[in-house]
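What follows is a short report on a single structure.
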Amino acid sequence: MNIGLITREYPPFFGGGIGTYARQFARALAGCGHRPVVITVSDDGRERRQDERGVTVVRLPFLKGSDWSGPHPAIATPEATAAFRTFHPVSVLAMELAKALPRLIDEFELEAVEAPDTGALAWFVLNERRIGGTWPRGVPLAVVVHSPSRWVADLNGERTGPASEHLMAMEAECAGWCDGLVTPSAGMAGWAEATPCWDAARGSVAVVPYALGDLEPRARESATGTPARDGSRLLFVGRLEPRKGLETLIPAFGRLVDTGADLHLDLCGQDMVDPRTGKRLGGSLIGALGPAAQERVSRLGRIAPERVAHLRGGTRIAVVPSPNDNYPFSCIEAMCEGQVVVAADAGGMREMIRHGVDGLLFAPGDVGACTEALRTAHRMSEAEAACMGRSAAWRILNLCGNERVVEERLRHYRAAASAVRPVASPRPGVMVVDARYKDPLPTLLLGAIRDGIGFAHGWTRDDHGRVTAFATPRGGTVRNGRAIGPLAVEASLAAALGPAGRDGVVRVADTRQLAAELLAAGARGTVVPAVVSRVPGPSAGARLWRRLMRR
């Protein structure tokens with residue numbers, strides 16, 4: 001099959017596990033005789049194509065530089081800038097995908113496309129399809145549930161603001177609008193099906209582990225024998241953030257050193273700001289250790305995957321202490337290397353590791369239990385560690401072997417293709433405008449009125465050319481005082497608004513208030529980003545009055 005894989009992270013740009021997944025799954029597909037087309041980002045504002053070992057890579061314009069300060073100048077339209085500021089920087093890529101994906105499907109004869117949940121990269125594509133936009137018939141768009149923003153925020157204890165709430169809602173809508181959901185762990189499938197805003201029916205999320213890709217040969221080597229490694233070093237790979245379990249690992253390490261254990265801890269990953277304290281998590285936790293333990297911690301920062309692989313090759317013990325993680329590649333890679341893995345008994349680690357056979361598990365968040373598991377791993381003889389490492393490698397080969405995973409994923413694509421969501425039928429609508437509205441009517445909104453959609457509005461542009469971006473109408477998006485411009489309202493709902501003028505248009509005092517009332521009455525709305533209506537901004541006097549009222 002010809003498969004399109006959408007990802008923001010792809011070499012030479014690397015970050016977290018989603019990028020690793022995309023690279024390894026693309027190579028697994030290619031190795032099994034299929035044609036993967038990775039659709040990712042460029043760094044120069046141009047669209048270009050590459051061929052990498054049987055994997056076609058299409059790069060689309062994204063951001064400028066590495067500071068994420070805005071869209072690349074080549075695509076920095078007022079609309080892209082508005083999405084960047086209102087939703088999330090990755091929304092810039094999502095908008096480019098909406099423009100490019102239909103033609104890329106035709107160019108490469110793609111039979112299925114998948115996108116990650118994180119960042120709602122498929123939102124503009126799926127929203128356009130939902131309101132009648134062109135989409136190649138019979139081509140499914142599946143969403144892979146890796147690490148939903150709501151799940152991450154809950155684990156990290158983050159406060160959510162308007163932008164993050166927008167993004168979380170858009171990720172959930174992608175899950176509801178796509179043709180199939182798949183995730184690597186039963187734990188994450190359970191979360192998606194139990195989280196009300198995701199609207200995923202029980203049993204609707206397929207569970208298929210990640211493929212090993214290029215890691216498979218190394219796992220086969222480790223399954224037959226592992227070399228002697230330094231048993232005095234612990235290796236942690238991942239961002240230093242609350243959800244990764246550093247608040248368990250670092251105190252446990254401190255206890256071991258304080259009781260005389262000859263251990264060192266290598267931390268590979270960016271030290272993130274703890275949203276609960278405003279301080280760097282890793283630095284804070286290490287600073288709370290005694291002097292002897294502090295000297296034995298090496299903060300290596302964000303390093304290239306090649307260097308991580310080198311460290312694994314010389315370290316006996318890998319630690320994956322996350323109190324809840326989906327199916328972390330840090331655990332997969334450690335098992336492929338034949339390391340002794342000490343992990344929290346949670347999430348995907350619990351599904352990968354059989355305690356005492358393929359690794360050691362401890363109760364999530366329990367510093368004492370983590371301490372004892374690390375002590376057990378440290379005291380293993382070389383023969384015991386080698387035996388557990390071989391078992392880990394065989395286990396991960398059986399779970400994540402390329403042929404097995406690719407076949408299961410192809411089966412899921414085919415099931416999604418037979419269930420591609422049809423575009424809802426159009427319904428008659430009526431244009432409703434603010435009584436002060438003078439511009440030509442954007443009648444394109446009428447095409448968005450379909451079964452299940454009661455009203456539609458677009459984005460807006462003020463007198464200075466600045467665009468305001470909107471996601472799907474919800475209570476919070478229409479009660480924030482921003483004008484939303486003209487509405488298309490389903491005819492039966494519009495009948496209650498009063499008579500239309502000679503031009504067939506209903507005029508009301510405030511379309512924003514009308515949208516809020518429609519939502520309160522149970523009507524469902526949609527947004528049409530292609531429609532950008534000019535809406536005059538508030539006068540200087542009104543802006544001053546608003547500032548005074550906020551004091």
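Residues in the structure tokens are numbered from 1 in each chain, the chains being A, B, ... in the order shown, and ligands are numbered from 1 in the order shown.
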Checklist entry - Which residues come within 12 Å of Gln24 (chain A), counting only C-alpha atoms, excluding same-chain residues fewer than 3 positions away, as a ChimeraX atom specification? => result /A:5,10-11,17-21,27-31,36,38,55,210-216,329,332-333,400-402,405-406
Item to check | Who sits within 9 Å of Asp325 (chain A), only C-alpha atoms, same chain under 4 positions skipped, as a list in words | outcome: Ser147, Gly187, Met188, Arg243, Lys244, Ala346, Gly347, Gly348 and Met349 of chain A
Saved selection, atoms kept: N, CA and C atoms, as a PDB file, in the first residue's frame:
ATOM      1  N   SER A 147      -0.097  11.133  22.482  1.00  0.00           N
ATOM      2  CA  SER A 147      -0.053  11.858  23.762  1.00  0.00           C
ATOM      3  C   SER A 147      -0.963  13.079  23.674  1.00  0.00           C
ATOM      4  N   GLY A 187      -3.811   0.862  27.687  1.00  0.00           N
ATOM      5  CA  GLY A 187      -4.032   1.916  28.664  1.00  0.00           C
ATOM      6  C   GLY A 187      -4.480   3.207  28.020  1.00  0.00           C
ATOM      7  N   MET A 188      -3.836   3.615  26.915  1.00  0.00           N
ATOM      8  CA  MET A 188      -4.233   4.845  26.240  1.00  0.00           C
ATOM      9  C   MET A 188      -5.573   4.677  25.548  1.00  0.00           C
ATOM     10  N   ARG A 243       5.450  14.425  34.257  1.00  0.00           N
ATOM     11  CA  ARG A 243       4.821  13.177  33.822  1.00  0.00           C
ATOM     12  C   ARG A 243       5.817  12.065  33.543  1.00  0.00           C
ATOM     13  N   LYS A 244       7.088  12.394  33.518  1.00  0.00           N
ATOM     14  CA  LYS A 244       8.105  11.377  33.226  1.00  0.00           C
ATOM     15  C   LYS A 244       8.653  10.689  34.471  1.00  0.00           C
ATOM     16  N   ALA A 346       2.929   0.684  34.983  1.00  0.00           N
ATOM     17  CA  ALA A 346       1.834   1.522  34.491  1.00  0.00           C
ATOM     18  C   ALA A 346       1.928   1.624  32.976  1.00  0.00           C
ATOM     19  N   GLY A 347       0.812   2.046  32.354  1.00  0.00           N
ATOM     20  CA  GLY A 347       0.792   2.353  30.929  1.00  0.00           C
ATOM     21  C   GLY A 347       1.381   1.257  30.064  1.00  0.00           C
ATOM     22  N   GLY A 348       2.072   1.690  29.016  1.00  0.00           N
ATOM     23  CA  GLY A 348       2.637   0.739  28.078  1.00  0.00           C
ATOM     24  C   GLY A 348       3.768  -0.084  28.648  1.00  0.00           C
ATOM     25  N   MET A 349       4.471   0.437  29.683  1.00  0.00           N
ATOM     26  CA  MET A 349       5.571  -0.343  30.277  1.00  0.00           C
ATOM     27  C   MET A 349       5.036  -1.640  30.872  1.00  0.00           C
TER      28      MET A 349
END
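Separating CA of Ala175 (chain A) from CA of Leu63 (chain A) is a distance of 25.5 Å.
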Next on the checklist: as number ranges by chain, please: every residue in region 327-492 of chain A that DSSP puts in helix (DSSP H, G or I).
Outcome noted: A: 329-337, 347-352, 367-379, 382-400, 402-417, 443-448, 475-478, 491-492
Using only C-alpha atoms, please write the residues we just selected to a file, as a CSV table (one decimal), in the first residue's frame.
chain,number,residue,atom,x,y,z
A,329,PHE,CA,10.2,4.5,22.8
A,330,SER,CA,12.7,4.9,25.7
A,331,CYS,CA,11.5,1.6,27.0
A,332,ILE,CA,11.4,-0.1,23.5
A,333,GLU,CA,14.9,1.1,22.7
A,334,ALA,CA,16.2,-0.2,26.1
A,335,MET,CA,14.6,-3.6,25.6
A,336,CYS,CA,16.0,-3.8,22.0
A,337,GLU,CA,19.5,-3.1,23.5
A,347,GLY,CA,0.8,2.4,30.9
A,348,GLY,CA,2.6,0.7,28.1
A,349,MET,CA,5.6,-0.3,30.3
A,350,ARG,CA,3.3,-2.7,32.1
A,351,GLU,CA,2.2,-4.2,28.7
A,352,MET,CA,5.8,-4.6,27.5
A,367,VAL,CA,10.0,6.3,45.9
A,368,GLY,CA,10.6,3.4,48.2
A,369,ALA,CA,9.5,0.8,45.6
A,370,CYS,CA,11.6,2.5,43.0
A,371,THR,CA,14.6,2.5,45.3
A,372,GLU,CA,14.4,-1.3,45.9
A,373,ALA,CA,13.9,-2.1,42.2
A,374,LEU,CA,17.0,-0.1,41.4
A,375,ARG,CA,18.9,-1.8,44.2
A,376,THR,CA,17.9,-5.2,42.8
A,377,ALA,CA,19.1,-4.2,39.3
A,378,HIS,CA,22.3,-2.8,40.6
A,379,ARG,CA,23.1,-6.0,42.6
A,382,GLU,CA,26.5,-10.0,34.8
A,383,ALA,CA,24.9,-13.4,34.0
A,384,GLU,CA,21.6,-12.4,35.6
A,385,ALA,CA,21.6,-9.1,33.8
A,386,ALA,CA,22.4,-10.7,30.5
A,387,CYS,CA,19.6,-13.3,30.9
A,388,MET,CA,17.1,-10.6,31.6
A,389,GLY,CA,18.4,-8.5,28.7
A,390,ARG,CA,18.0,-11.4,26.3
A,391,SER,CA,14.4,-12.0,27.5
A,392,ALA,CA,13.6,-8.3,27.1
A,393,ALA,CA,14.9,-8.4,23.5
A,394,TRP,CA,12.8,-11.5,22.6
A,395,ARG,CA,9.8,-10.0,24.3
A,396,ILE,CA,9.9,-6.7,22.3
A,397,LEU,CA,10.6,-8.6,19.1
A,398,ASN,CA,7.4,-10.6,19.6
A,399,LEU,CA,5.4,-7.5,20.4
A,400,CYS,CA,6.8,-5.0,18.0
A,402,ASN,CA,8.0,-5.1,11.9
A,403,GLU,CA,6.1,-7.7,9.9
A,404,ARG,CA,3.5,-8.3,12.6
A,405,VAL,CA,2.9,-4.6,13.3
A,406,VAL,CA,2.7,-3.6,9.7
A,407,GLU,CA,0.2,-6.3,8.9
A,408,GLU,CA,-2.0,-5.2,11.8
A,409,ARG,CA,-1.8,-1.6,10.8
A,410,LEU,CA,-2.7,-2.4,7.2
A,411,ARG,CA,-5.7,-4.3,8.5
A,412,HIS,CA,-6.7,-1.2,10.4
A,413,TYR,CA,-6.3,1.0,7.4
A,414,ARG,CA,-8.5,-1.3,5.3
A,415,ALA,CA,-11.2,-1.3,8.0
A,416,ALA,CA,-11.0,2.5,8.1
A,417,ALA,CA,-11.3,2.7,4.3
A,443,THR,CA,-22.3,33.1,0.7
A,444,LEU,CA,-19.7,30.3,0.9
A,445,LEU,CA,-20.9,29.9,4.4
A,446,LEU,CA,-24.2,28.5,3.1
A,447,GLY,CA,-22.4,25.5,1.8
A,448,ALA,CA,-21.4,24.5,5.3
A,475,GLY,CA,-19.7,28.6,24.5
A,476,GLY,CA,-16.3,30.1,25.3
A,477,THR,CA,-15.5,31.1,21.8
A,478,VAL,CA,-18.6,33.3,21.3
A,491,ALA,CA,-33.4,27.7,7.5
A,492,SER,CA,-35.7,26.3,10.1
Next on the checklist: Residues near His355 (chain A), anyone? I mean within 10 Å using only C-alpha atoms, not counting same-chain ones fewer than 3 positions away, as a ChimeraX atom specification.
Outcome noted: /A:341-343,345,350,352,358-362
Close residues, Val508 (chain A) itself excluded, 8 Å, only C-alpha atoms, min 6 positions apart in chain, as a compact mmCIF listing (two decimals) with N, CA and C atoms, in the first residue's frame:
# COMPACT_ATOMS: atom_id res chain seq x y z
N VAL A 432 -27.43 35.51 7.91
CA VAL A 432 -27.81 36.40 8.99
C VAL A 432 -26.62 37.31 9.28
N VAL A 433 -26.85 38.61 9.29
CA VAL A 433 -25.73 39.52 9.49
C VAL A 433 -26.08 40.53 10.58
N ASP A 434 -25.02 41.10 11.13
CA ASP A 434 -25.16 42.24 12.03
C ASP A 434 -25.78 43.39 11.23
N ALA A 435 -26.70 44.12 11.83
CA ALA A 435 -27.39 45.19 11.12
C ALA A 435 -26.44 46.24 10.57
N LEU A 497 -36.02 34.06 13.67
CA LEU A 497 -35.28 35.30 13.90
C LEU A 497 -36.00 36.54 13.38
Item to check | strand (DSSP E or B) positions in region 175-422 of chain A, given as JSON, numbers by chain | outcome: {"A": [180, 181, 182, 183, 205, 206, 207, 230, 231, 232, 233, 234, 235, 236, 237, 240, 264, 265, 266, 267, 268, 271, 273, 280, 297, 298, 299, 300, 301, 315, 316, 317, 318, 319, 320, 340, 341, 342, 343, 344, 355, 359, 360, 361, 362]}
For the residues in the current selection, export C-alpha atoms as a PDB file, in the first residue's frame.
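Ended up saving to again.pdb:
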ATOM      1  CA  GLY A 180     -10.248   5.306  12.504  1.00  0.00           C
ATOM      2  CA  LEU A 181      -8.351   5.610  15.783  1.00  0.00           C
ATOM      3  CA  VAL A 182      -5.333   3.535  16.715  1.00  0.00           C
ATOM      4  CA  THR A 183      -2.939   3.630  19.664  1.00  0.00           C
ATOM      5  CA  VAL A 205      -9.769   2.506  19.401  1.00  0.00           C
ATOM      6  CA  ALA A 206      -7.595  -0.200  17.867  1.00  0.00           C
ATOM      7  CA  VAL A 207      -4.517  -1.238  19.863  1.00  0.00           C
ATOM      8  CA  ASP A 230      28.742  -0.770  33.222  1.00  0.00           C
ATOM      9  CA  GLY A 231      26.407  -1.726  36.059  1.00  0.00           C
ATOM     10  CA  SER A 232      27.170   1.405  38.071  1.00  0.00           C
ATOM     11  CA  ARG A 233      25.292   3.812  35.787  1.00  0.00           C
ATOM     12  CA  LEU A 234      21.572   4.437  35.441  1.00  0.00           C
ATOM     13  CA  LEU A 235      20.276   5.901  32.179  1.00  0.00           C
ATOM     14  CA  PHE A 236      17.115   8.008  31.880  1.00  0.00           C
ATOM     15  CA  VAL A 237      15.968   9.256  28.459  1.00  0.00           C
ATOM     16  CA  LEU A 240      12.617  16.294  32.515  1.00  0.00           C
ATOM     17  CA  HIS A 264      25.794   7.411  38.715  1.00  0.00           C
ATOM     18  CA  LEU A 265      22.688   8.784  36.997  1.00  0.00           C
ATOM     19  CA  ASP A 266      22.744  10.084  33.416  1.00  0.00           C
ATOM     20  CA  LEU A 267      19.752  12.252  32.484  1.00  0.00           C
ATOM     21  CA  CYS A 268      19.261  12.657  28.720  1.00  0.00           C
ATOM     22  CA  ASP A 271      15.024  20.185  31.565  1.00  0.00           C
ATOM     23  CA  VAL A 273       9.851  24.273  33.507  1.00  0.00           C
ATOM     24  CA  ARG A 280      13.217  23.816  36.087  1.00  0.00           C
ATOM     25  CA  VAL A 297      24.154  13.126  38.453  1.00  0.00           C
ATOM     26  CA  SER A 298      25.046  14.099  34.886  1.00  0.00           C
ATOM     27  CA  ARG A 299      22.565  16.374  33.105  1.00  0.00           C
ATOM     28  CA  LEU A 300      23.324  15.765  29.440  1.00  0.00           C
ATOM     29  CA  GLY A 301      20.458  17.831  28.062  1.00  0.00           C
ATOM     30  CA  THR A 315      25.000   1.145  30.300  1.00  0.00           C
ATOM     31  CA  ARG A 316      23.425  -1.885  31.946  1.00  0.00           C
ATOM     32  CA  ILE A 317      20.372  -0.286  33.610  1.00  0.00           C
ATOM     33  CA  ALA A 318      17.710   1.883  31.938  1.00  0.00           C
ATOM     34  CA  VAL A 319      15.012   3.584  34.023  1.00  0.00           C
ATOM     35  CA  VAL A 320      11.512   4.442  32.741  1.00  0.00           C
ATOM     36  CA  VAL A 340      17.858  -4.244  32.407  1.00  0.00           C
ATOM     37  CA  VAL A 341      14.799  -1.992  32.393  1.00  0.00           C
ATOM     38  CA  VAL A 342      13.458  -0.669  35.688  1.00  0.00           C
ATOM     39  CA  ALA A 343      10.022   0.849  34.992  1.00  0.00           C
ATOM     40  CA  ALA A 344       6.843   1.983  36.673  1.00  0.00           C
ATOM     41  CA  HIS A 355       8.117  -8.325  36.063  1.00  0.00           C
ATOM     42  CA  GLY A 359      12.642  -6.200  33.500  1.00  0.00           C
ATOM     43  CA  LEU A 360      11.677  -4.926  36.935  1.00  0.00           C
ATOM     44  CA  LEU A 361       8.454  -3.043  37.702  1.00  0.00           C
ATOM     45  CA  PHE A 362       7.654  -0.878  40.719  1.00  0.00           C
TER      46      PHE A 362
END
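Remark: for Phe87 (chain A), the closest of the candidate residues A:Ala223, A:Ala469, A:Ala194, A:Leu519 is A:Ala469 (distances computed over only C-alpha atoms).
Atom pair CA of Thr7 (chain A) / CA of Gln339 (chain A): separated by 29.1 Å.
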Next on the checklist: So, with only C-alpha atoms as the atoms that count, which of A:Arg229, A:Thr460, A:Gly290, A:Leu60 lies closest to Met380 (chain A)?
Outcome noted: A:Arg229
